[in-house]
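> Pasting run-v2.txt below, which is compact mmCIF, C-alpha atoms and all ligand atoms.
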```txt
# COMPACT_ATOMS: atom_id res chain seq x y z
CA MET Z 820 33.88 -12.94 4.61
CA ARG Z 821 36.53 -10.35 3.94
CA THR Z 822 36.34 -8.33 0.73
CA PHE Z 823 39.20 -7.14 -1.50
CA ASP Z 824 38.90 -3.80 0.30
CA ASP Z 825 39.76 -5.54 3.56
CA LEU Z 826 42.68 -7.45 2.08
CA ILE Z 827 44.44 -5.07 -0.31
CA LYS Z 828 46.39 -2.18 1.20
CA PRO Z 829 44.24 0.97 1.09
CA SER Z 830 47.27 2.85 -0.28
CA VAL Z 831 47.14 0.54 -3.32
CA ARG Z 832 43.35 0.24 -3.62
CA ARG Z 833 42.90 3.97 -4.19
CA LEU Z 834 45.69 4.25 -6.79
CA GLN Z 835 45.33 4.50 -10.55
CA ALA Z 836 47.63 2.04 -12.37
CA TYR Z 837 50.23 3.27 -14.86
CA THR Z 838 48.68 2.52 -18.24
CA LEU Z 839 49.25 3.25 -21.88
CA THR Z 840 46.67 2.55 -24.58
CA PRO Z 841 48.33 0.81 -27.53
CA HIS Z 842 47.79 2.33 -31.00
CA ARG Z 843 49.18 0.81 -34.20
CA VAL Z 844 50.31 3.80 -36.26
CA PRO Z 845 53.14 4.37 -38.72
CA ILE Z 846 54.76 7.19 -36.73
CA LYS Z 847 55.27 6.53 -33.06
CA LEU Z 848 56.49 9.54 -31.09
CA ASN Z 849 54.90 8.79 -27.71
CA GLN Z 850 57.46 6.88 -25.63
CA ASN Z 851 60.77 8.71 -26.12
CA GLU Z 852 62.37 5.69 -27.78
CA ASN Z 853 65.25 5.75 -30.25
CA PRO Z 854 63.47 6.16 -33.62
CA PHE Z 855 66.35 4.70 -35.62
CA GLY Z 856 65.99 1.31 -33.97
CA ILE Z 857 68.68 -1.04 -32.74
CA PRO Z 858 71.71 -1.07 -35.06
CA PRO Z 859 71.98 -4.41 -36.95
CA ALA Z 860 75.63 -4.83 -35.88
CA ILE Z 861 74.54 -4.93 -32.22
CA VAL Z 862 71.81 -7.48 -33.00
CA ALA Z 863 74.21 -9.70 -34.97
CA GLU Z 864 76.89 -9.69 -32.28
CA THR Z 865 74.34 -10.31 -29.50
CA LEU Z 866 72.86 -13.27 -31.37
CA ARG Z 867 76.33 -14.64 -31.95
CA ARG Z 868 77.09 -14.48 -28.22
CA VAL Z 869 73.84 -16.04 -27.01
CA ALA Z 870 73.70 -18.77 -29.67
CA GLY Z 871 74.24 -22.07 -27.96
CA ARG Z 872 73.35 -20.79 -24.47
CA ASP Z 873 71.24 -23.29 -22.60
CA TRP Z 874 67.84 -21.77 -21.82
CA ALA Z 875 67.37 -24.31 -19.06
CA ARG Z 876 70.08 -22.56 -17.03
CA TYR Z 877 69.75 -19.39 -14.99
CA PRO Z 878 71.71 -16.31 -15.97
CA ASP Z 879 74.67 -15.25 -13.80
CA PHE Z 880 73.63 -14.59 -10.20
CA VAL Z 881 75.64 -11.37 -10.19
CA PRO Z 882 76.16 -10.00 -13.72
CA THR Z 883 79.79 -9.10 -13.04
CA GLU Z 884 80.84 -8.83 -16.67
CA LEU Z 885 78.17 -6.20 -17.40
CA GLN Z 886 78.73 -4.43 -14.08
CA THR Z 887 82.41 -4.10 -14.93
CA ALA Z 888 81.64 -2.86 -18.45
CA LEU Z 889 79.09 -0.34 -17.14
CA ALA Z 890 81.50 0.85 -14.46
CA ARG Z 891 84.10 1.60 -17.12
CA PHE Z 892 81.49 3.10 -19.46
CA ALA Z 893 80.00 5.41 -16.85
CA GLY Z 894 83.13 6.13 -14.81
CA TRP Z 895 82.31 4.50 -11.49
CA GLN Z 896 83.26 1.36 -9.54
CA ALA Z 897 81.78 -2.04 -10.40
CA ASP Z 898 80.60 -2.81 -6.85
CA GLY Z 899 78.49 0.36 -7.00
CA VAL Z 900 76.62 -0.70 -10.15
CA VAL Z 901 73.21 -2.38 -9.86
CA VAL Z 902 71.64 -3.75 -13.04
CA GLY Z 903 67.86 -3.86 -13.26
CA ASN Z 904 65.00 -4.99 -15.45
CA GLY Z 905 64.69 -1.45 -16.75
CA SER Z 906 65.56 1.46 -14.51
CA ASN Z 907 61.99 1.15 -13.26
CA GLU Z 908 63.12 -1.86 -11.29
CA ILE Z 909 65.96 0.09 -9.71
CA ILE Z 910 63.50 2.85 -8.72
CA GLN Z 911 61.23 0.21 -7.20
CA ALA Z 912 64.02 -1.61 -5.33
CA LEU Z 913 65.47 1.64 -4.02
CA LEU Z 914 62.13 2.90 -2.75
CA THR Z 915 61.39 -0.53 -1.27
CA ILE Z 916 64.42 -0.28 1.02
CA LEU Z 917 63.74 3.38 1.94
CA VAL Z 918 59.99 3.83 2.19
CA ALA Z 919 57.81 2.54 5.02
CA PRO Z 920 54.21 3.74 5.63
CA GLY Z 921 54.28 7.52 5.98
CA THR Z 922 57.90 8.01 4.85
CA PRO Z 923 58.21 11.31 2.97
CA VAL Z 924 59.86 11.50 -0.46
CA VAL Z 925 60.29 14.85 -2.22
CA LEU Z 926 59.37 15.14 -5.91
CA SER Z 927 58.72 18.04 -8.25
CA GLU Z 928 55.71 17.28 -10.44
CA PRO Z 929 55.16 17.07 -13.33
CA THR Z 930 57.82 14.37 -13.47
CA PHE Z 931 58.07 10.66 -14.33
CA THR Z 932 54.89 9.14 -12.87
CA VAL Z 933 56.46 5.90 -11.65
CA TYR Z 934 58.12 7.73 -8.72
CA ARG Z 935 54.80 8.72 -7.16
CA LEU Z 936 53.21 5.38 -8.00
CA MET Z 937 55.96 3.42 -6.23
CA VAL Z 938 56.09 5.70 -3.19
CA GLU Z 939 52.32 5.36 -2.80
CA VAL Z 940 52.23 1.58 -3.34
CA LEU Z 941 54.68 1.38 -0.45
CA GLY Z 942 52.46 3.62 1.68
CA GLY Z 943 54.92 6.53 1.66
CA THR Z 944 54.04 10.19 1.34
CA VAL Z 945 54.89 12.25 -1.72
CA VAL Z 946 55.95 15.78 -0.83
CA ASN Z 947 55.42 17.60 -4.10
CA VAL Z 948 57.25 20.89 -4.68
CA PRO Z 949 55.98 22.46 -7.91
CA PRO Z 950 58.53 23.87 -10.35
CA ARG Z 951 58.84 27.56 -11.27
CA ALA Z 952 56.72 29.03 -14.09
CA ASP Z 953 59.30 27.99 -16.71
CA PHE Z 954 59.22 24.44 -15.22
CA SER Z 955 62.76 24.75 -13.81
CA TYR Z 956 63.30 23.02 -10.48
CA ASP Z 957 62.73 25.26 -7.46
CA ILE Z 958 65.73 23.87 -5.60
CA PRO Z 959 65.55 26.17 -2.53
CA ALA Z 960 61.88 25.21 -2.03
CA MET Z 961 62.67 21.51 -2.51
CA LEU Z 962 65.50 21.72 0.00
CA GLU Z 963 63.25 23.50 2.48
CA ALA Z 964 60.55 20.81 2.04
CA ALA Z 965 63.10 18.02 2.38
CA HIS Z 966 64.35 19.49 5.68
CA ARG Z 967 60.90 20.31 7.02
CA THR Z 968 59.49 16.83 6.39
CA ARG Z 969 62.73 14.98 7.17
CA ALA Z 970 62.33 13.27 3.80
CA VAL Z 971 64.30 10.07 3.20
CA ALA Z 972 65.01 11.01 -0.41
CA VAL Z 973 64.46 13.53 -3.16
CA ILE Z 974 64.10 12.40 -6.78
CA LEU Z 975 65.29 14.77 -9.49
CA CYS Z 976 64.84 13.70 -13.08
CA SER Z 977 67.37 15.45 -15.33
CA PRO Z 978 66.49 16.09 -18.10
CA ASN Z 979 63.03 15.82 -16.64
CA ASN Z 980 60.35 13.73 -18.29
CA PRO Z 981 58.06 15.38 -19.47
CA THR Z 982 59.33 18.99 -19.23
CA GLY Z 983 62.88 18.55 -20.62
CA VAL Z 984 64.49 20.78 -17.97
CA THR Z 985 67.75 19.88 -16.26
CA VAL Z 986 69.02 20.46 -12.76
CA ASP Z 987 72.24 22.45 -12.81
CA GLU Z 988 75.34 21.24 -11.04
CA PRO Z 989 75.68 24.05 -8.44
CA ALA Z 990 72.06 23.45 -7.40
CA LEU Z 991 72.64 19.73 -7.12
CA ARG Z 992 75.82 20.27 -5.10
CA ALA Z 993 73.90 22.56 -2.76
CA PHE Z 994 71.34 19.84 -2.24
CA LEU Z 995 73.95 17.16 -1.66
CA THR Z 996 75.81 19.33 0.82
CA ASP Z 997 72.81 20.52 2.84
CA PHE Z 998 70.53 17.48 2.83
CA ASP Z 999 71.20 14.31 4.80
CA GLY Z 1000 68.85 12.03 2.84
CA PHE Z 1001 69.40 10.32 -0.52
CA VAL Z 1002 69.43 12.42 -3.69
CA VAL Z 1003 68.36 10.35 -6.68
CA VAL Z 1004 69.10 11.81 -10.11
CA ASP Z 1005 67.35 9.98 -12.93
CA GLU Z 1006 69.57 10.46 -15.99
CA ALA Z 1007 67.41 8.41 -18.37
CA TYR Z 1008 67.96 11.05 -21.07
CA HIS Z 1009 71.46 12.28 -20.20
CA GLU Z 1010 72.99 11.27 -23.56
CA PHE Z 1011 70.94 14.01 -25.24
CA CYS Z 1012 72.35 16.80 -23.08
CA GLN Z 1013 75.81 15.45 -22.25
CA GLN Z 1014 75.07 16.14 -18.59
CA ASN Z 1015 76.62 13.60 -16.27
CA PHE Z 1016 76.61 13.68 -12.48
CA VAL Z 1017 78.54 10.44 -12.00
CA PRO Z 1018 81.78 12.31 -11.12
CA LEU Z 1019 80.01 13.61 -7.99
CA LEU Z 1020 79.46 10.07 -6.65
CA SER Z 1021 82.91 9.84 -5.07
CA ASP Z 1022 82.31 12.98 -2.98
CA PHE Z 1023 78.66 12.34 -2.15
CA PRO Z 1024 77.79 8.79 -1.02
CA ARG Z 1025 74.09 9.70 -0.79
CA LEU Z 1026 73.86 10.45 -4.50
CA VAL Z 1027 72.25 7.81 -6.72
CA VAL Z 1028 72.38 8.11 -10.52
CA LEU Z 1029 69.90 6.11 -12.60
CA ARG Z 1030 70.46 5.19 -16.24
CA THR Z 1031 68.54 3.19 -18.83
CA PHE Z 1032 69.09 1.32 -22.08
CA SER Z 1033 65.55 2.22 -23.22
CA LYS Z 1034 66.22 5.61 -24.81
CA ALA Z 1035 69.54 6.51 -26.48
CA MET Z 1036 70.70 2.89 -26.27
CA ALA Z 1037 67.74 1.74 -28.42
CA MET Z 1038 66.83 -1.29 -26.31
CA ALA Z 1039 63.50 -0.47 -24.60
CA GLY Z 1040 62.14 -3.90 -25.54
CA LEU Z 1041 64.92 -5.73 -23.71
CA ARG Z 1042 64.32 -3.99 -20.35
CA ILE Z 1043 67.71 -2.97 -18.99
CA GLY Z 1044 68.56 -0.14 -16.66
CA TYR Z 1045 71.14 0.46 -13.97
CA GLY Z 1046 71.91 2.49 -10.92
CA LEU Z 1047 75.26 3.94 -9.88
CA MET Z 1048 75.69 4.42 -6.16
CA ALA Z 1049 77.85 3.89 -3.10
CA PRO Z 1050 78.76 0.19 -2.79
CA GLU Z 1051 77.21 0.10 0.70
CA LEU Z 1052 73.87 1.21 -0.77
CA ALA Z 1053 74.23 -1.25 -3.67
CA THR Z 1054 74.52 -4.07 -1.11
CA GLU Z 1055 71.29 -3.00 0.59
CA LEU Z 1056 69.51 -2.60 -2.72
CA GLY Z 1057 70.54 -6.12 -3.64
CA LYS Z 1058 68.31 -7.37 -0.84
CA ALA Z 1059 65.15 -5.92 -2.43
CA LYS Z 1060 65.96 -6.66 -6.06
CA LEU Z 1061 64.66 -10.00 -7.32
CA PRO Z 1062 67.25 -12.72 -7.94
CA TYR Z 1063 68.01 -13.27 -11.64
CA ASN Z 1064 66.09 -10.10 -12.50
CA VAL Z 1065 67.69 -9.70 -15.93
CA ASN Z 1066 67.73 -12.53 -18.47
CA PHE Z 1067 70.97 -13.53 -20.20
CA PHE Z 1068 69.82 -12.33 -23.60
CA SER Z 1069 69.33 -8.78 -22.33
CA LEU Z 1070 72.58 -8.91 -20.36
CA ALA Z 1071 74.46 -9.89 -23.50
CA ALA Z 1072 72.76 -7.21 -25.63
CA ALA Z 1073 73.60 -4.52 -23.06
CA GLN Z 1074 77.21 -5.69 -23.00
CA VAL Z 1075 77.44 -5.45 -26.78
CA ALA Z 1076 75.70 -2.04 -26.82
CA VAL Z 1077 78.26 -0.64 -24.38
CA GLU Z 1078 81.15 -2.07 -26.38
CA MET Z 1079 79.78 -0.68 -29.65
CA TYR Z 1080 78.38 2.59 -28.30
CA ALA Z 1081 80.91 4.90 -29.92
CA ASP Z 1082 80.58 3.37 -33.39
CA GLU Z 1083 76.94 2.38 -33.50
CA LEU Z 1084 74.87 4.41 -31.04
CA ARG Z 1085 76.57 7.75 -30.52
CA PRO Z 1086 76.04 8.68 -34.21
CA LEU Z 1087 72.30 8.05 -33.73
CA VAL Z 1088 72.25 10.23 -30.62
CA GLU Z 1089 73.96 12.97 -32.62
CA ARG Z 1090 71.36 12.69 -35.35
CA ILE Z 1091 68.57 12.97 -32.79
CA ILE Z 1092 70.19 16.10 -31.30
CA HIS Z 1093 70.52 17.54 -34.81
CA GLU Z 1094 66.87 16.78 -35.58
CA ARG Z 1095 65.83 18.32 -32.26
CA ALA Z 1096 67.40 21.62 -33.35
CA ARG Z 1097 65.76 21.40 -36.78
CA VAL Z 1098 62.30 20.64 -35.36
CA SER Z 1099 62.53 23.40 -32.82
CA ALA Z 1100 63.65 25.94 -35.46
CA ALA Z 1101 60.72 24.90 -37.67
CA MET Z 1102 58.21 25.13 -34.83
CA ALA Z 1103 59.43 28.57 -33.76
CA SER Z 1104 57.31 30.08 -36.53
CA PHE Z 1105 54.10 28.28 -35.51
CA ASP Z 1106 51.50 30.66 -34.13
CA ARG Z 1107 49.00 28.14 -32.76
CA PHE Z 1108 51.54 26.14 -30.78
CA ARG Z 1109 54.53 27.00 -28.64
CA LEU Z 1110 57.42 24.56 -28.28
CA LEU Z 1111 59.22 24.46 -24.96
CA PRO Z 1112 63.00 24.13 -25.03
CA SER Z 1113 64.26 20.67 -24.12
CA GLN Z 1114 67.55 19.01 -23.30
CA ALA Z 1115 66.10 15.56 -23.96
CA ASN Z 1116 64.85 13.64 -27.03
CA PHE Z 1117 61.31 14.93 -26.53
CA HIS Z 1118 59.50 18.25 -26.22
CA LEU Z 1119 56.46 19.68 -24.57
CA LEU Z 1120 54.18 21.53 -26.97
CA HIS Z 1121 51.87 24.20 -25.56
CA THR Z 1122 48.54 24.06 -27.35
CA PRO Z 1123 46.35 26.85 -25.95
CA HIS Z 1124 43.93 26.91 -28.92
CA ILE Z 1125 43.34 23.20 -29.52
CA PRO Z 1126 42.58 21.00 -26.50
CA PRO Z 1127 45.35 18.38 -26.07
CA ARG Z 1128 42.91 15.48 -26.50
CA HIS Z 1129 41.67 16.90 -29.81
CA LEU Z 1130 45.19 17.50 -31.02
CA PHE Z 1131 46.13 13.94 -30.05
CA GLU Z 1132 43.17 12.54 -32.01
CA ALA Z 1133 43.79 14.80 -35.00
CA LEU Z 1134 47.45 13.72 -35.18
CA LEU Z 1135 46.41 10.09 -34.84
CA ALA Z 1136 44.27 10.53 -37.94
CA TRP Z 1137 47.47 11.68 -39.68
CA GLY Z 1138 49.19 8.50 -38.50
CA VAL Z 1139 51.25 10.26 -35.82
CA LEU Z 1140 51.11 9.05 -32.23
CA ILE Z 1141 52.11 11.53 -29.52
CA ARG Z 1142 51.43 11.68 -25.78
CA ASP Z 1143 48.57 13.64 -24.28
CA VAL Z 1144 50.09 14.75 -20.97
CA SER Z 1145 47.26 17.12 -20.05
CA ARG Z 1146 46.35 15.08 -16.97
CA TYR Z 1147 49.77 15.76 -15.42
CA PRO Z 1148 49.85 18.58 -12.86
CA LEU Z 1149 50.30 22.03 -14.52
CA LEU Z 1150 50.15 20.55 -18.03
CA GLY Z 1151 46.47 21.04 -18.87
CA GLU Z 1152 47.35 22.66 -22.22
CA TYR Z 1153 50.29 20.47 -23.26
CA VAL Z 1154 51.18 17.44 -25.32
CA ARG Z 1155 54.55 15.69 -25.56
CA PHE Z 1156 56.23 14.15 -28.57
CA ASN Z 1157 59.66 12.65 -29.06
CA ILE Z 1158 62.07 13.40 -31.86
CA GLY Z 1159 61.73 10.86 -34.66
CA THR Z 1160 63.61 10.15 -37.86
CA PRO Z 1161 63.86 13.11 -40.28
CA GLU Z 1162 60.90 11.73 -42.28
CA GLU Z 1163 58.81 11.25 -39.14
CA ASN Z 1164 59.59 14.77 -37.98
CA ASP Z 1165 58.62 16.16 -41.37
CA ALA Z 1166 55.31 14.32 -41.12
CA LEU Z 1167 54.68 15.76 -37.65
CA LEU Z 1168 55.51 19.28 -38.83
CA ALA Z 1169 53.23 18.95 -41.85
CA ALA Z 1170 50.38 17.57 -39.74
CA LEU Z 1171 50.67 20.34 -37.15
CA GLN Z 1172 50.60 22.96 -39.87
CA ALA Z 1173 47.50 21.40 -41.39
CA ILE Z 1174 45.51 20.98 -38.18
CA HIS Z 1175 43.34 24.00 -37.45
CA PRO Z 1176 41.35 24.66 -34.29
CA GLU Z 1177 38.06 24.40 -36.22
CA ALA Z 1178 39.01 21.04 -37.75
CA ALA Z 1179 40.55 19.50 -34.65
N1 LIG J 1 63.06 7.26 -15.93
C1 LIG J 1 62.51 8.12 -16.78
C2 LIG J 1 62.67 9.57 -16.54
C3 LIG J 1 61.78 7.66 -17.87
O1 LIG J 1 61.22 8.55 -18.70
C4 LIG J 1 61.65 6.28 -18.08
C5 LIG J 1 60.89 5.69 -19.24
N2 LIG J 1 59.87 6.40 -19.73
C6 LIG J 1 62.23 5.43 -17.15
C7 LIG J 1 62.94 5.94 -16.09
C8 LIG J 1 62.06 3.95 -17.23
O2 LIG J 1 63.00 3.40 -18.01
P1 LIG J 1 63.17 1.81 -18.16
O3 LIG J 1 62.61 1.49 -19.50
O4 LIG J 1 64.65 1.62 -18.07
O5 LIG J 1 62.44 1.15 -17.04
```
Let me see the file written as structure tokens.
Ligand code: PMP

Amino acid sequence: MRTFDDLIKPSVRRLQAYTLTPHRVPIKLNQNENPFGIPPAIVAETLRRVAGRDWARYPDFVPTELQTALARFAGWQADGVVVGNGSNEIIQALLTILVAPGTPVVLSEPTFTVYRLMVEVLGGTVVNVPPRADFSYDIPAMLEAAHRTRAVAVILCSPNNPTGVTVDEPALRAFLTDFDGFVVVDEAYHEFCQQNFVPLLSDFPRLVVLRTFSKAMAMAGLRIGYGLMAPELATELGKAKLPYNVNFFSLAAAQVAVEMYADELRPLVERIIHERARVSAAMASFDRFRLLPSQANFHLLHTPHIPPRHLFEALLAWGVLIRDVSRYPLLGEYVRFNIGTPEENDALLAALQAIHPEAA
């Protein structure tokens, strides 16, 4: 009789699943969400549009209306837009069509953990090129590794989760010019730094830009993301993506969010950027912790005197939930938190000031 070990791929059997322990706390700063919530005007208009839809019917096979809206919103062509059930699904579909057992993919860890997880589920090989001491991408080393291993793709997250660093445009251009594999730039947090590599798509058909509605767009619960890419690649990706992957409610909400972005969401993004500056100015005077600069809606906090797990627990007792990232490579002395509402940020600042190494 065969056991699970005989049946399940060894590349999967030895993996640790992506998990997150739920905590019910008043102040939730652990998942880089929009703390202001979804604007009521977007909810009302979405409900108006879906009212009367027949739940017995499938959503559109190809969500052309949203693809067209996203193309206009992002500045690309509609046949190069792929909509996914979160950008996680786009990452999964893309890697599914690129990675066979042993296929190398270049990453720079610490970065978003789903990249490694998906490459390894598919039996591929992660070629990890650590960042420099300040966590900036070591682009020459990544390029060298990509050439040496004949990698199929490199994934650059910009701003990077969890370090907040960005890849600069000359470096990205160098990569796109010198490397003949795919260059995936995950722009999940681009609204917070105004960086946008979409204009490069027309010159570089191996560039893929990933976006999500889970952060600035305040719709993490509805699971929408999208990829912008060469139409030829979009066609191939469509073979690995599940049919009807996004439900009509989420499609409608995304459509409304794009239409109302300037009036309803951009002001929230601006408030988050403003709060980011305020929090980082306030934390500059802390002597027990050091805040790392960030271009995203979250920060790494260096905690050399209080172990990250203790700090996490101590903040939890104050009703503040952050992320202990100390198990990530190079981040043994770090935690991550996202920018909240002004009141939430004040609570975090007060708690950090009150927590002492002896008490934590
Ligand atoms: N990319 C990055 C860099 C992220 O941080 C996240 C969410 N934490 C995602 C992608 C996944 O986003 P989605 O909710 O659209 O699947």
> List as a VMD selection string the protein and nucleic acid residues lying within 10 Å of ligand LIG 1 (chain J), with all atoms listed in the file counted.
chain Z and resid 849 to 852 903 to 911 930 to 934 975 to 981 983 1004 to 1009 1029 to 1034 1038 to 1045
> Just to confirm, what's the straight-line distance from CA of Ala964 in chain Z to CA of Ala993 in chain Z in Å (one decimal)?
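According to the coordinates, CA of Ala964 in chain Z and CA of Ala993 in chain Z are separated by 14.3 Å.
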> Looking at all atoms listed in the file, which of Z:Ala1169, Z:Val869, Z:Ala863, Z:Ile827 is the one that sits closest to Leu1134 in chain Z?
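Smallest distance to Leu1134 in chain Z is found for Z:Ala1169.
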> Tell me, as an mmCIF file with C-alpha atoms, keeping the file's coordinate frame, which residues lie within 6 Å of range 1152-1167 of chain Z, counting all atoms listed in the file; anything in the same chain fewer than 3 positions away does not count.

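File written: selection_10.cif
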```cif
data_model
loop_
_atom_site.group_PDB
_atom_site.id
_atom_site.type_symbol
_atom_site.label_atom_id
_atom_site.label_comp_id
_atom_site.auth_asym_id
_atom_site.auth_seq_id
_atom_site.Cartn_x
_atom_site.Cartn_y
_atom_site.Cartn_z
ATOM 1 C CA LEU Z 848 56.490 9.540 -31.090
ATOM 2 C CA ASN Z 849 54.900 8.790 -27.710
ATOM 3 C CA ASN Z 851 60.770 8.710 -26.120
ATOM 4 C CA PRO Z 854 63.470 6.160 -33.620
ATOM 5 C CA ASN Z 1116 64.850 13.640 -27.030
ATOM 6 C CA PHE Z 1117 61.310 14.930 -26.530
ATOM 7 C CA HIS Z 1118 59.500 18.250 -26.220
ATOM 8 C CA LEU Z 1119 56.460 19.680 -24.570
ATOM 9 C CA LEU Z 1120 54.180 21.530 -26.970
ATOM 10 C CA HIS Z 1121 51.870 24.200 -25.560
ATOM 11 C CA THR Z 1122 48.540 24.060 -27.350
ATOM 12 C CA PRO Z 1123 46.350 26.850 -25.950
ATOM 13 C CA PRO Z 1127 45.350 18.380 -26.070
ATOM 14 C CA ILE Z 1141 52.110 11.530 -29.520
ATOM 15 C CA ARG Z 1142 51.430 11.680 -25.780
ATOM 16 C CA ASP Z 1143 48.570 13.640 -24.280
ATOM 17 C CA VAL Z 1144 50.090 14.750 -20.970
ATOM 18 C CA SER Z 1145 47.260 17.120 -20.050
ATOM 19 C CA ALA Z 1170 50.380 17.570 -39.740
#
```
> Excluding range 1083-1086 of chain Z and residues on its chain fewer than 6 positions from it, collect all residues at most 12 Å away from it, counting only C-alpha atoms, and give them as a CSV table (one decimal) with C-alpha atoms, in the frame of the given file.

```
chain,number,residue,atom,x,y,z
Z,853,ASN,CA,65.2,5.8,-30.2
Z,854,PRO,CA,63.5,6.2,-33.6
Z,855,PHE,CA,66.4,4.7,-35.6
Z,856,GLY,CA,66.0,1.3,-34.0
Z,857,ILE,CA,68.7,-1.0,-32.7
Z,858,PRO,CA,71.7,-1.1,-35.1
Z,859,PRO,CA,72.0,-4.4,-37.0
Z,860,ALA,CA,75.6,-4.8,-35.9
Z,861,ILE,CA,74.5,-4.9,-32.2
Z,862,VAL,CA,71.8,-7.5,-33.0
Z,1010,GLU,CA,73.0,11.3,-23.6
Z,1011,PHE,CA,70.9,14.0,-25.2
Z,1013,GLN,CA,75.8,15.4,-22.2
Z,1032,PHE,CA,69.1,1.3,-22.1
Z,1034,LYS,CA,66.2,5.6,-24.8
Z,1035,ALA,CA,69.5,6.5,-26.5
Z,1036,MET,CA,70.7,2.9,-26.3
Z,1037,ALA,CA,67.7,1.7,-28.4
Z,1038,MET,CA,66.8,-1.3,-26.3
Z,1075,VAL,CA,77.4,-5.4,-26.8
Z,1076,ALA,CA,75.7,-2.0,-26.8
Z,1077,VAL,CA,78.3,-0.6,-24.4
Z,1092,ILE,CA,70.2,16.1,-31.3
Z,1093,HIS,CA,70.5,17.5,-34.8
```
> So what do you get for CA of Ala1071 in chain Z versus CA of Thr865 in chain Z, distance-wise?
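Interatomic distance, CA of Ala1071 in chain Z to CA of Thr865 in chain Z: 6.0 Å.
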> Please report the interatomic distance between CA of Val1002 in chain Z and CA of Ala972 in chain Z in Å with one decimal.
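According to the coordinates, CA of Val1002 in chain Z and CA of Ala972 in chain Z are separated by 5.7 Å.
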> Nearest residue to Leu917 in chain Z out of Z:Ser1069, Z:Thr944, Z:Asn1015, Z:Thr887, using only C-alpha atoms?
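The shortest atom-to-atom distance to Leu917 in chain Z comes from Z:Thr944.
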> Restricting the calculation to all atoms listed in the file, which member of Z:Val973, Z:Ala1073, Z:Val984, Z:Val1028 is positioned closest to Pro1112 in chain Z?
Z:Val984
> Please determine, counting only C-alpha atoms, which residue among Z:Ala1049, Z:Leu926, Z:Val844, Z:Val1027 has the shortest atom-to-atom distance to Gly899 in chain Z.
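Between Z:Ala1049, Z:Leu926, Z:Val844, Z:Val1027, the residue approaching Gly899 in chain Z most closely is Z:Ala1049.
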> Can you list, as a list in words, every protein, DNA or RNA residue that comes within 9 Å of Val831 in chain Z when you count only C-alpha atoms, leaving out same-chain residues fewer than 5 positions away?
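Near Val831 in chain Z, the qualifying residues are Glu939, Val940, Leu941 and Gly942 of chain Z.
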> Need the axis-aligned box for range 1082-1089 of chain Z with 4 Å each side, so what are the centre and edges in Å to one decimal, as lines of an AutoDock Vina configuration file?

```
center_x = 76.4
center_y = 7.7
center_z = -32.4
size_x = 16.3
size_y = 18.6
size_z = 11.7
```
